[in-house]
Amino acid sequence: MRKKASTTGSRKGTIVVRTAPRDRKRALVLFDGRVEQAAIGRSGVTAIKREGDGATPRAVMRLIGGYVRRDRVPFPSTRLPMRAVRGDMLWCDAPQHPCYNRPVRAPFRAGHERMMRDDGLYDICLVMDWNISSRRRNAGSAIFFHLIRPGYEPTEGCVAVSLSAMRRLLRQMRRGMIVKVV
């Protein structure tokens with residue numbers, strides 16, 4: 001469902017993610033005069049993010065780049081740096097490991113997420129600078145902007161939108177663009 005955003009929605013060049021009325025696991029993504037429905041963490045939004053809490057951090061995050069599952073989705077038109085997902089790509093979510101909140105390659109023994117998922121959530125997966133530039137142990141990892149589950153089921157802390165919404169957003173996205181979760 002798309003709507004026109006109010007003039008108070010987002011500053012030009014900033015993507016605003018606002019908790020939806022009456023459902024803390026849903027959000028509205030405001031950007032460039034549009035409003036898109038989204039899912040956020042199962043625990044809603046938090047100012048104090050912890051690893052595994054299921055919450056989306058209330059924060060201002062920059063877009064770094066992203067990943068595309070090219071065997072499922074055509075490479076999108078965007079100014080955001082994108083890489084093709086391969087089967088050996090993982091993301092470390094083990095707080096005590098030196099690669100915490102970093103991409104790693106299989107085989108990898110510490111806790112991790114597979115970037116090539118069967119459920120399609122990471123067919124397009126954008127990396128936001130949450131706990132990456134300046135890492136803190138247990139402060140949350142793998143906070144992505146990715147595709148939605150059917151029924152807008154909540155995420156583990158990411159922001160998720162439909163494929164059509166992601167395609168619209170990607171046309172305007174670039175490295176360093178701000179995603180502001182309020």
# chains A, B, ... in the order shown; residues from 1 in each chain; ligands from 1

call {"tool": "closest_atom_pairs", "arguments": {"of": "segment 137-179 of chain A", "to": "segment 125-131 of chain A", "cutoff": "7 Å", "atoms": "only C-alpha atoms", "output": "tab-separated table"}}
result
residue	atom	partner	partner_atom	distance
A:Ala139	CA	A:Asn131	CA	6.8
A:Gly140	CA	A:Asn131	CA	6.8
A:Ser141	CA	A:Asn131	CA	6.8
A:Ile143	CA	A:Trp130	CA	6.3
A:Phe144	CA	A:Val127	CA	5.0
A:Phe145	CA	A:Leu126	CA	4.9
A:His146	CA	A:Cys125	CA	4.4

call {"tool": "write_last_selection", "arguments": {"atoms": "C-alpha atoms", "output": "tab-separated table (two decimals), in the first residue's frame"}}
result
chain	number	residue	atom	x	y	z
A	139	ALA	CA	25.27	-4.07	20.80
A	140	GLY	CA	23.51	-5.83	17.91
A	141	SER	CA	24.58	-7.19	14.56
A	143	ILE	CA	20.78	-4.68	11.13
A	144	PHE	CA	19.75	-4.77	7.49
A	145	PHE	CA	17.14	-3.19	5.23
A	146	HIS	CA	15.77	-6.26	3.45

call {"tool": "select_by_dssp", "arguments": {"residues": "chain A", "states": "strand (DSSP E)", "output": "number ranges by chain"}}
result
A: 2-4, 14-20, 23-31, 34-39, 45-46, 56-57, 60-68, 82-84, 89-92, 103-105, 112-114, 124-128, 144-147, 159-161, 178-181

call {"tool": "residues_around", "arguments": {"residues": "segment 41-48 of chain A", "least_positions_apart": "3", "cutoff": "6 Å", "atoms": "only C-alpha atoms", "output": "list in words"}}
result
Arg24, Lys25, Gly54, Ala55, Thr56, Pro57, Arg58, Pro154, Thr155, Glu156 and Gly157 of chain A

call {"tool": "residues_around", "arguments": {"residues": "Leu63 of chain A", "least_positions_apart": "4", "cutoff": "6 Å", "atoms": "only C-alpha atoms", "output": "short mmCIF file (atom, residue, chain, number, x, y, z; two decimals) with all heavy atoms, in the first residue's frame"}}
result
data_model
loop_
_atom_site.label_atom_id
_atom_site.label_comp_id
_atom_site.auth_asym_id
_atom_site.auth_seq_id
_atom_site.Cartn_x
_atom_site.Cartn_y
_atom_site.Cartn_z
N MET A 128 23.12 -1.35 6.77
CA MET A 128 23.12 -0.03 7.41
C MET A 128 24.25 -0.01 8.44
O MET A 128 24.59 -1.03 9.02
CB MET A 128 21.77 0.22 8.08
CG MET A 128 20.63 0.29 7.09
SD MET A 128 19.05 0.75 7.83
CE MET A 128 18.59 -0.75 8.67
N ARG A 175 25.26 5.43 -1.42
CA ARG A 175 26.11 5.21 -0.23
C ARG A 175 26.09 6.48 0.63
O ARG A 175 26.19 7.60 0.13
CB ARG A 175 27.53 4.90 -0.68
CG ARG A 175 28.44 4.58 0.48
CD ARG A 175 29.85 4.21 -0.04
NE ARG A 175 30.75 4.01 1.03
CZ ARG A 175 30.94 2.84 1.67
NH1 ARG A 175 30.26 1.77 1.27
NH2 ARG A 175 31.78 2.74 2.66
N GLY A 176 25.91 6.29 1.93
CA GLY A 176 25.91 7.42 2.87
C GLY A 176 24.54 7.99 3.14
O GLY A 176 24.37 8.81 4.04
N MET A 177 23.52 7.57 2.37
CA MET A 177 22.17 8.06 2.60
C MET A 177 21.74 7.66 4.01
O MET A 177 22.08 6.60 4.51
CB MET A 177 21.22 7.48 1.57
CG MET A 177 19.79 7.95 1.72
SD MET A 177 18.78 7.40 0.33
CE MET A 177 19.03 8.77 -0.75
#

call {"tool": "closest_residue", "arguments": {"among": "A:Leu121, A:Ile132, A:Val16, A:Val29", "to": "Leu147 of chain A", "atoms": "only C-alpha atoms"}}
result
A:Leu121

call {"tool": "closest_residue", "arguments": {"among": "A:Val182, A:Ala142, A:Met173, A:Ile64", "to": "Gly13 of chain A", "atoms": "only C-alpha atoms"}}
result
A:Met173

call {"tool": "closest_residue", "arguments": {"among": "A:Pro76, A:Trp91, A:Thr14, A:Ala39", "to": "Arg117 of chain A", "atoms": "only C-alpha atoms"}}
result
A:Trp91

call {"tool": "residues_around", "arguments": {"residues": "Pro103 of chain A", "least_positions_apart": "5", "cutoff": "10 Å", "atoms": "only C-alpha atoms", "output": "mmCIF file with C-alpha atoms, in the first residue's frame"}}
result
data_model
loop_
_atom_site.group_PDB
_atom_site.id
_atom_site.type_symbol
_atom_site.label_atom_id
_atom_site.label_comp_id
_atom_site.auth_asym_id
_atom_site.auth_seq_id
_atom_site.Cartn_x
_atom_site.Cartn_y
_atom_site.Cartn_z
ATOM 1 C CA MET A 89 28.761 -15.506 2.196
ATOM 2 C CA LEU A 90 27.887 -15.282 5.890
ATOM 3 C CA TRP A 91 27.509 -12.502 8.495
ATOM 4 C CA CYS A 92 29.098 -13.035 11.934
ATOM 5 C CA ASP A 93 26.707 -12.503 14.860
ATOM 6 C CA HIS A 112 26.523 -16.428 11.799
ATOM 7 C CA GLU A 113 23.697 -15.798 9.351
ATOM 8 C CA ARG A 114 23.716 -17.112 5.798
ATOM 9 C CA MET A 115 23.375 -14.344 3.222
ATOM 10 C CA ALA A 142 23.223 -7.596 11.053
#

call {"tool": "closest_residue", "arguments": {"among": "A:Arg109, A:Ala59, A:Tyr152, A:Met116", "to": "Arg86 of chain A", "atoms": "only C-alpha atoms"}}
result
A:Met116

call {"tool": "closest_residue", "arguments": {"among": "A:Arg174, A:Arg18, A:Arg105, A:Arg136", "to": "Leu80 of chain A", "atoms": "only C-alpha atoms"}}
result
A:Arg174

call {"tool": "select_by_dssp", "arguments": {"residues": "chain A", "states": "alpha helix (DSSP H)", "output": "VMD selection string"}}
result
chain A and resid 163 to 170

call {"tool": "closest_residue", "arguments": {"among": "A:Asp123, A:Gln37, A:Phe31, A:Ala20", "to": "Gly151 of chain A", "atoms": "only C-alpha atoms"}}
result
A:Gln37

call {"tool": "atom_distance", "arguments": {"atom1": "atom CA of Glu51 of chain A", "atom2": "atom CA of Met166 of chain A"}}
result
25.8 Å

call {"tool": "atom_distance", "arguments": {"atom1": "atom CA of Val73 of chain A", "atom2": "atom CA of Pro150 of chain A"}}
result
17.2 Å

call {"tool": "atom_distance", "arguments": {"atom1": "atom CA of Arg149 of chain A", "atom2": "atom CA of Arg26 of chain A"}}
result
12.1 Å
